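upload00.txt follows (compact mmCIF, C-alpha atoms):
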```txt
# COMPACT_ATOMS: atom_id res chain seq x y z
CA MET A 224 53.06 -15.83 -137.16
CA SER A 225 53.79 -13.38 -134.38
CA ALA A 226 56.47 -10.71 -134.61
CA TRP A 227 59.89 -11.97 -133.58
CA SER A 228 62.02 -10.16 -131.01
CA GLY A 229 65.31 -10.74 -132.86
CA LYS A 230 67.01 -12.39 -129.86
CA SER A 231 69.08 -15.57 -130.01
CA LYS A 232 70.66 -17.78 -127.36
CA GLY A 233 74.25 -18.78 -126.74
CA THR A 234 77.41 -17.81 -124.85
CA VAL A 235 80.97 -17.05 -125.83
CA LEU A 236 82.16 -19.92 -123.62
CA GLY A 237 79.91 -22.36 -125.48
CA TYR A 238 81.34 -21.32 -128.84
CA LYS A 239 84.91 -21.52 -127.50
CA ILE A 240 84.33 -25.05 -126.20
CA PHE A 241 83.04 -26.28 -129.54
CA VAL A 242 85.83 -24.58 -131.51
CA PHE A 243 88.39 -26.22 -129.19
CA ILE A 244 86.82 -29.67 -129.68
CA LEU A 245 86.59 -29.19 -133.44
CA SER A 246 90.23 -28.13 -133.62
CA TYR A 247 91.68 -31.01 -131.61
CA LEU A 248 89.15 -33.86 -131.72
CA GLY A 249 86.96 -33.31 -134.77
CA LEU A 250 83.29 -32.99 -135.58
CA LEU A 251 81.84 -36.21 -134.14
CA PRO A 252 83.16 -35.66 -130.58
CA ALA A 253 81.58 -32.19 -130.68
CA TYR A 254 78.28 -33.79 -131.69
CA PHE A 255 78.58 -36.24 -128.75
CA ILE A 256 78.22 -33.40 -126.27
CA LEU A 257 74.89 -32.55 -127.86
CA TYR A 258 73.27 -35.68 -126.43
CA PHE A 259 73.48 -34.02 -123.02
CA VAL A 260 72.83 -30.46 -124.20
CA ALA A 261 69.65 -31.50 -126.05
CA LEU A 262 68.41 -33.34 -122.95
CA TYR A 263 69.03 -30.26 -120.83
CA TYR A 264 66.93 -28.08 -123.15
CA LEU A 265 64.21 -30.72 -123.33
CA LEU A 266 63.89 -30.69 -119.54
CA PHE A 267 64.51 -27.05 -118.67
CA SER A 268 63.64 -24.86 -121.69
CA SER A 269 59.90 -25.00 -121.10
CA HIS A 270 58.77 -22.29 -123.52
CA SER A 271 60.60 -23.55 -126.62
CA THR A 272 59.79 -27.16 -125.69
CA LYS A 273 56.09 -26.31 -125.60
CA VAL A 274 56.33 -24.53 -128.96
CA ILE A 275 58.13 -27.43 -130.67
CA TYR A 276 55.63 -29.92 -129.24
CA SER A 277 52.73 -27.88 -130.63
CA TYR A 278 54.41 -27.70 -134.04
CA LEU A 279 55.03 -31.46 -134.18
CA HIS A 280 51.76 -32.60 -132.63
CA ASN A 281 49.26 -30.02 -133.91
CA ARG A 282 50.76 -29.01 -137.25
CA LEU A 283 52.53 -32.22 -138.38
CA LYS A 284 50.01 -34.50 -136.63
CA LEU A 285 52.61 -36.69 -134.91
CA SER A 286 51.51 -38.76 -131.92
CA LYS A 287 52.22 -37.49 -128.40
CA THR A 288 55.08 -39.94 -127.95
CA ALA A 289 56.58 -39.19 -131.36
CA SER A 290 56.27 -35.45 -130.66
CA ILE A 291 58.17 -35.72 -127.36
CA VAL A 292 60.93 -37.73 -129.04
CA GLY A 293 60.84 -35.21 -131.88
CA ILE A 294 61.51 -32.34 -129.48
CA TYR A 295 64.75 -33.99 -128.45
CA ARG A 296 65.69 -34.66 -132.09
CA ASN A 297 64.94 -31.04 -132.98
CA TYR A 298 67.22 -29.71 -130.23
CA PHE A 299 69.93 -32.17 -131.23
CA VAL A 300 69.83 -31.23 -134.93
CA PHE A 301 69.71 -27.53 -134.04
CA GLY A 302 72.85 -28.02 -131.97
CA GLN A 303 74.48 -29.75 -134.92
CA SER A 304 73.62 -26.79 -137.15
CA LEU A 305 75.28 -24.39 -134.68
CA ILE A 306 78.40 -26.56 -134.49
CA ASP A 307 78.47 -26.82 -138.29
CA ARG A 308 78.18 -23.06 -138.48
CA VAL A 309 81.22 -22.60 -136.24
CA ALA A 310 83.07 -25.34 -138.12
CA VAL A 311 82.55 -23.61 -141.47
CA LEU A 312 83.58 -20.23 -140.08
CA ALA A 313 86.69 -21.80 -138.56
CA GLY A 314 87.67 -23.37 -141.91
CA TYR A 315 86.55 -26.98 -141.33
CA SER A 316 86.30 -28.46 -144.84
CA ARG A 317 85.09 -32.05 -144.46
CA PHE A 318 81.48 -31.42 -145.39
CA HIS A 319 80.01 -32.75 -148.64
CA TYR A 320 77.32 -30.97 -150.61
CA GLN A 321 74.57 -31.75 -153.10
CA PHE A 322 73.46 -28.69 -155.07
CA ASP A 323 70.17 -28.53 -157.01
CA GLY A 324 69.42 -25.38 -158.98
CA GLU A 325 72.99 -24.13 -158.93
CA GLN A 326 72.58 -22.84 -162.49
CA TYR A 327 69.91 -20.35 -161.39
CA LEU A 328 72.20 -18.64 -158.90
CA GLU A 329 75.13 -18.75 -161.29
CA GLN A 330 73.03 -17.05 -163.96
CA MET A 331 72.07 -14.28 -161.53
CA CYS A 332 75.76 -13.55 -161.10
CA LEU A 333 76.93 -13.99 -164.69
CA SER A 334 74.08 -11.92 -166.14
CA GLY A 335 74.83 -9.06 -163.79
CA SER A 336 71.21 -8.87 -162.68
CA GLY A 337 71.86 -9.76 -159.07
CA GLY A 338 68.85 -10.99 -157.16
CA ILE A 339 67.17 -11.74 -153.86
CA LEU A 340 67.54 -15.18 -152.28
CA VAL A 341 64.72 -15.85 -149.82
CA SER A 342 65.38 -18.57 -147.27
CA ALA A 343 63.92 -19.57 -143.87
CA HIS A 344 64.96 -20.71 -140.41
CA LEU A 345 64.91 -24.20 -141.81
CA GLY A 346 68.10 -26.24 -142.03
CA ASN A 347 71.34 -24.27 -141.98
CA TRP A 348 71.53 -21.02 -143.92
CA GLU A 349 75.17 -20.39 -142.88
CA ILE A 350 76.18 -23.48 -144.87
CA ALA A 351 74.29 -22.13 -147.88
CA GLY A 352 76.06 -18.79 -147.55
CA HIS A 353 79.39 -20.59 -147.48
CA LEU A 354 78.59 -22.44 -150.72
CA LEU A 355 77.48 -19.27 -152.47
CA GLN A 356 81.00 -17.89 -152.26
CA LYS A 357 81.88 -19.98 -155.31
CA PHE A 358 79.97 -17.51 -157.49
CA SER A 359 81.66 -14.39 -158.81
CA CYS A 360 79.51 -11.79 -157.13
CA THR A 361 79.18 -10.14 -153.75
CA ILE A 362 76.78 -11.81 -151.31
CA ASN A 363 74.90 -9.76 -148.72
CA ILE A 364 73.14 -11.62 -145.91
CA VAL A 365 70.47 -9.70 -144.02
CA MET A 366 70.01 -10.86 -140.44
CA TYR A 367 68.68 -9.55 -137.17
CA ASP A 368 71.28 -8.03 -134.86
CA GLY A 369 70.15 -10.36 -132.07
CA GLU A 370 73.38 -12.03 -131.06
CA HIS A 371 75.40 -10.56 -128.23
CA GLN A 372 78.28 -8.44 -129.49
CA LYS A 373 80.85 -10.61 -127.69
CA ILE A 374 79.66 -13.71 -129.53
CA LYS A 375 79.79 -11.96 -132.89
CA SER A 376 83.26 -10.62 -132.14
CA TYR A 377 84.48 -14.09 -131.19
CA LEU A 378 83.05 -15.66 -134.35
CA GLU A 379 84.80 -13.00 -136.40
CA SER A 380 88.08 -13.90 -134.69
CA VAL A 381 87.88 -17.54 -135.86
CA LYS A 382 86.38 -16.75 -139.25
CA GLY A 383 88.54 -17.31 -142.30
CA SER A 384 88.49 -15.20 -145.44
CA SER A 385 85.00 -14.62 -146.77
CA ARG A 386 83.35 -12.70 -149.57
CA ILE A 387 80.11 -12.48 -147.61
CA ARG A 388 78.92 -9.18 -146.18
CA ILE A 389 76.52 -9.17 -143.22
CA ILE A 390 73.79 -6.51 -143.11
CA ALA A 391 72.45 -6.35 -139.57
CA ILE A 392 68.87 -5.13 -139.07
CA LYS A 393 69.06 -2.36 -136.48
CA GLU A 394 66.62 -0.06 -134.73
CA ASP A 395 68.16 3.03 -136.35
CA LEU A 396 67.16 1.63 -139.79
CA SER A 397 70.70 2.05 -141.12
CA HIS A 398 70.36 -1.39 -142.74
CA ILE A 399 67.88 0.03 -145.27
CA TYR A 400 70.60 2.07 -146.94
CA GLN A 401 72.89 -0.98 -147.13
CA ILE A 402 70.12 -3.11 -148.65
CA ASN A 403 69.33 -0.44 -151.24
CA GLU A 404 73.01 -0.07 -152.08
CA ALA A 405 73.43 -3.83 -152.58
CA LEU A 406 70.42 -4.05 -154.92
CA GLU A 407 71.47 -0.97 -156.88
CA LYS A 408 74.84 -2.64 -157.46
CA LYS A 409 73.05 -5.82 -158.68
CA GLU A 410 74.57 -7.97 -155.94
CA LEU A 411 72.98 -11.01 -154.30
CA LEU A 412 70.85 -10.23 -151.26
CA CYS A 413 70.01 -13.15 -148.94
CA ILE A 414 67.12 -12.69 -146.53
CA HIS A 415 64.84 -14.86 -144.40
CA GLY A 416 61.19 -14.74 -145.41
CA ASP A 417 59.70 -16.40 -142.31
CA ARG A 418 60.24 -13.75 -139.65
CA PHE A 419 59.37 -10.11 -139.20
CA THR A 420 59.52 -7.47 -136.52
CA THR A 421 56.74 -5.19 -135.33
CA GLY A 422 55.62 -2.75 -138.00
CA ALA A 423 56.64 -4.83 -141.01
CA ARG A 424 54.11 -5.31 -143.83
CA THR A 425 52.73 -8.85 -143.88
CA ILE A 426 50.26 -11.14 -145.61
CA SER A 427 48.07 -13.79 -143.96
CA VAL A 428 48.36 -17.28 -145.47
CA GLN A 429 47.61 -20.89 -144.55
CA PHE A 430 50.81 -22.57 -143.41
CA LEU A 431 50.72 -26.23 -142.33
CA GLY A 432 46.98 -26.01 -141.90
CA LYS A 433 46.74 -22.82 -139.83
CA GLU A 434 46.82 -19.10 -140.52
CA ALA A 435 50.16 -17.33 -140.13
CA LEU A 436 51.62 -13.99 -141.14
CA PHE A 437 54.58 -13.71 -143.49
CA PRO A 438 56.49 -10.56 -144.50
CA ILE A 439 56.15 -9.24 -148.04
CA GLY A 440 59.19 -6.95 -147.88
CA PRO A 441 61.55 -9.21 -149.93
CA TYR A 442 59.08 -9.34 -152.83
CA GLN A 443 58.43 -5.60 -152.73
CA LEU A 444 62.19 -5.01 -152.95
CA ALA A 445 62.47 -7.38 -155.92
CA ALA A 446 59.72 -5.51 -157.78
CA ARG A 447 61.13 -2.10 -156.92
CA TYR A 448 64.66 -2.91 -158.13
CA ASN A 449 63.59 -5.23 -160.96
CA VAL A 450 65.65 -8.20 -159.73
CA PRO A 451 64.69 -11.90 -159.67
CA VAL A 452 63.75 -13.88 -156.56
CA SER A 453 64.90 -17.44 -155.84
CA PHE A 454 63.95 -19.57 -152.82
CA VAL A 455 67.02 -21.23 -151.30
CA PHE A 456 67.16 -23.87 -148.56
CA SER A 457 70.08 -25.81 -147.12
CA THR A 458 69.20 -28.98 -145.18
CA LYS A 459 71.34 -31.53 -143.38
CA GLN A 460 71.19 -35.05 -144.87
CA SER A 461 73.83 -36.82 -142.77
CA TRP A 462 76.48 -35.87 -140.24
CA ASN A 463 78.73 -34.37 -142.92
CA LYS A 464 76.46 -33.86 -145.94
CA TYR A 465 74.17 -30.95 -146.87
CA HIS A 466 71.64 -30.47 -149.64
CA LEU A 467 71.35 -26.96 -151.07
CA LYS A 468 68.33 -26.29 -153.27
CA ALA A 469 67.55 -23.14 -155.26
CA SER A 470 64.29 -22.57 -157.14
CA GLU A 471 63.89 -21.14 -160.61
CA PRO A 472 63.85 -17.33 -160.29
CA ILE A 473 60.58 -15.41 -160.17
CA TYR A 474 60.34 -11.98 -161.79
CA LEU A 475 57.84 -9.58 -160.26
CA PRO A 476 56.34 -6.73 -162.27
CA SER A 477 56.55 -3.06 -161.38
CA PRO A 478 54.43 -2.02 -158.36
CA ARG A 479 52.45 0.14 -160.79
CA SER A 480 51.40 -2.87 -162.87
CA SER A 481 47.79 -4.01 -162.72
CA ASN A 482 48.74 -7.59 -161.79
CA TYR A 483 51.39 -6.63 -159.22
CA THR A 484 49.38 -7.57 -156.11
CA GLU A 485 48.26 -10.85 -157.64
CA LEU A 486 51.79 -11.93 -158.55
CA LEU A 487 53.22 -10.79 -155.22
CA THR A 488 50.64 -12.94 -153.42
CA HIS A 489 51.43 -15.84 -155.74
CA SER A 490 55.14 -15.52 -154.89
CA VAL A 491 54.45 -15.73 -151.15
CA HIS A 492 52.26 -18.80 -151.65
CA GLU A 493 54.98 -20.46 -153.75
CA TYR A 494 57.47 -19.73 -150.96
CA ILE A 495 55.11 -21.33 -148.42
CA ARG A 496 54.65 -24.39 -150.65
CA GLN A 497 58.39 -24.92 -150.86
CA ILE A 498 58.82 -24.55 -147.10
CA GLU A 499 56.06 -27.09 -146.48
CA ASP A 500 57.60 -29.55 -148.95
CA THR A 501 60.98 -29.20 -147.24
CA ILE A 502 59.50 -29.57 -143.75
CA ARG A 503 57.81 -32.82 -144.75
CA LEU A 504 61.22 -34.19 -145.77
CA TYR A 505 63.11 -32.73 -142.78
CA PRO A 506 60.54 -32.15 -139.98
CA TYR A 507 63.16 -31.74 -137.25
CA GLN A 508 65.05 -28.97 -139.02
CA TRP A 509 62.43 -26.25 -138.45
CA PHE A 510 64.04 -23.85 -135.95
CA ASN A 511 61.49 -21.22 -134.94
CA TYR A 512 61.30 -21.36 -131.15
CA TYR A 513 58.32 -19.12 -130.52
CA ASP A 514 54.59 -19.26 -131.18
CA PHE A 515 54.81 -19.01 -134.94
CA TRP A 516 51.07 -19.40 -135.53
CA LYS A 517 50.01 -16.75 -133.03
CA VAL A 518 48.81 -14.06 -135.41
CA ASP A 519 49.67 -10.53 -134.26
CA ARG A 520 48.07 -8.20 -136.75
CA PRO A 521 49.81 -4.87 -137.26
```

Kindly return the structure encoded in the file as structure tokens.
Amino acid sequence: MSAWSGKSKGTVLGYKIFVFILSYLGLLPAYFILYFVALYYLLFSSHSTKVIYSYLHNRLKLSKTASIVGIYRNYFVFGQSLIDRVAVLAGYSRFHYQFDGEQYLEQMCLSGSGGILVSAHLGNWEIAGHLLQKFSCTINIVMYDGEHQKIKSYLESVKGSSRIRIIAIKEDLSHIYQINEALEKKELLCIHGDRFTTGARTISVQFLGKEALFPIGPYQLAARYNVPVSFVFSTKQSWNKYHLKASEPIYLPSPRSSNYTELLTHSVHEYIRQIEDTIRLYPYQWFNYYDFWKVDRP
């Protein structure tokens, strides 16, 4: 996996259009527009199209024809996830949810231990964050500060009340203090474990049959602050239904323990196993639009 730049696509106008359609016409008409948007990206977004094709054809071993069709499906589902994200922020409440492992996250809150929830750019994490608000603890979501400020400001303007706090990763490293504060207070910290920026500590593992680099920062934090780690994924099952799954928490020993490195490595491999299992069920919900398997060693 190569280091990610932290940039994301989208315009304020695009978000405004979808919020307008959601407000006056509903979710399905907003999805209808995606048939044309997905075709546009299939034809004119050459870099991401090439990356998705390689993922489907080389990693998942789909045929050439199935891979081309899969590119279109991937763009379409990704568009749905963005619309769903806006819908949730704007207070749209017609989604249904299936929750497996809810008791693990509830225990993290009730016990006062807090914890780290490691997810991926797989499915729709914003939906998961919305569901986590049902628990009686503060939720901190760490994300790259890659969206344009105007888009973030607009999303805040349509966002309803929320108990979620966003910690943006910035070049001045101010996010480190916020992360440390959240863990010291035994709050929930949600972070993606499938991307890293230049300079981050990583480990090389086999992922879908080819070597890739994954960050080890989330696991180091868990060991340092003596908090459990759970792997959490939220995937779309139908147009208005999501499946949220949380794994049984892992407890890492102190960094000074003799088996620390072994258990940290085991945790990363368990994370990879769960991503691979989820991808096999939902192959078109993997949303990493860059050369993930290009290994850039620090």

- Query: What does the distance from atom CA of Ala435 of chain A to atom CA of Pro472 of chain A come to in Å, to one decimal?
  - Reply: 24.4 Å

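Counting all atoms listed in the file and comparing A:Gln460, A:Lys517, A:Met331, A:Tyr298, the residue that lies closest to Ile473 of chain A is A:Met331.
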
- Task: For Leu279 of chain A, work out the shell of residues within 9 Å, counting all atoms listed in the file and skipping chain neighbours fewer than 3 positions away, then give it as a PyMOL selection string.
- Result: chain A and resi 274-276+282-287+289-291+293-294+506-507

Could you give me, as a tab-separated table, a per-residue list for segment 290-351 of chain A showing, wherever an atom lies at most 12 Å from an atom of segment 242-256 of chain A, the closest pair of atoms and their distance in Å to one decimal, using only C-alpha atoms and sorting by chain then residue number from low to high?
```
residue	atom	partner	partner_atom	distance
A:Tyr298	CA	A:Tyr254	CA	11.9
A:Phe299	CA	A:Tyr254	CA	8.5
A:Val300	CA	A:Tyr254	CA	9.4
A:Phe301	CA	A:Tyr254	CA	10.9
A:Gly302	CA	A:Tyr254	CA	7.9
A:Gln303	CA	A:Tyr254	CA	6.4
A:Ser304	CA	A:Tyr254	CA	10.0
A:Leu305	CA	A:Tyr254	CA	10.3
A:Ile306	CA	A:Ala253	CA	7.5
A:Asp307	CA	A:Leu250	CA	8.3
A:Arg308	CA	A:Val242	CA	10.5
A:Val309	CA	A:Val242	CA	6.9
A:Ala310	CA	A:Leu245	CA	7.0
A:Val311	CA	A:Val242	CA	10.5
A:Leu312	CA	A:Val242	CA	9.9
A:Ala313	CA	A:Val242	CA	7.6
A:Gly314	CA	A:Ser246	CA	9.9
A:Tyr315	CA	A:Leu245	CA	8.2
A:Ser316	CA	A:Leu250	CA	10.7
A:Arg317	CA	A:Leu250	CA	9.1
A:Phe318	CA	A:Leu250	CA	10.1
```

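Atom pair atom CA of Lys464 of chain A / atom CA of Tyr320 of chain A: separated by 5.6 Å.
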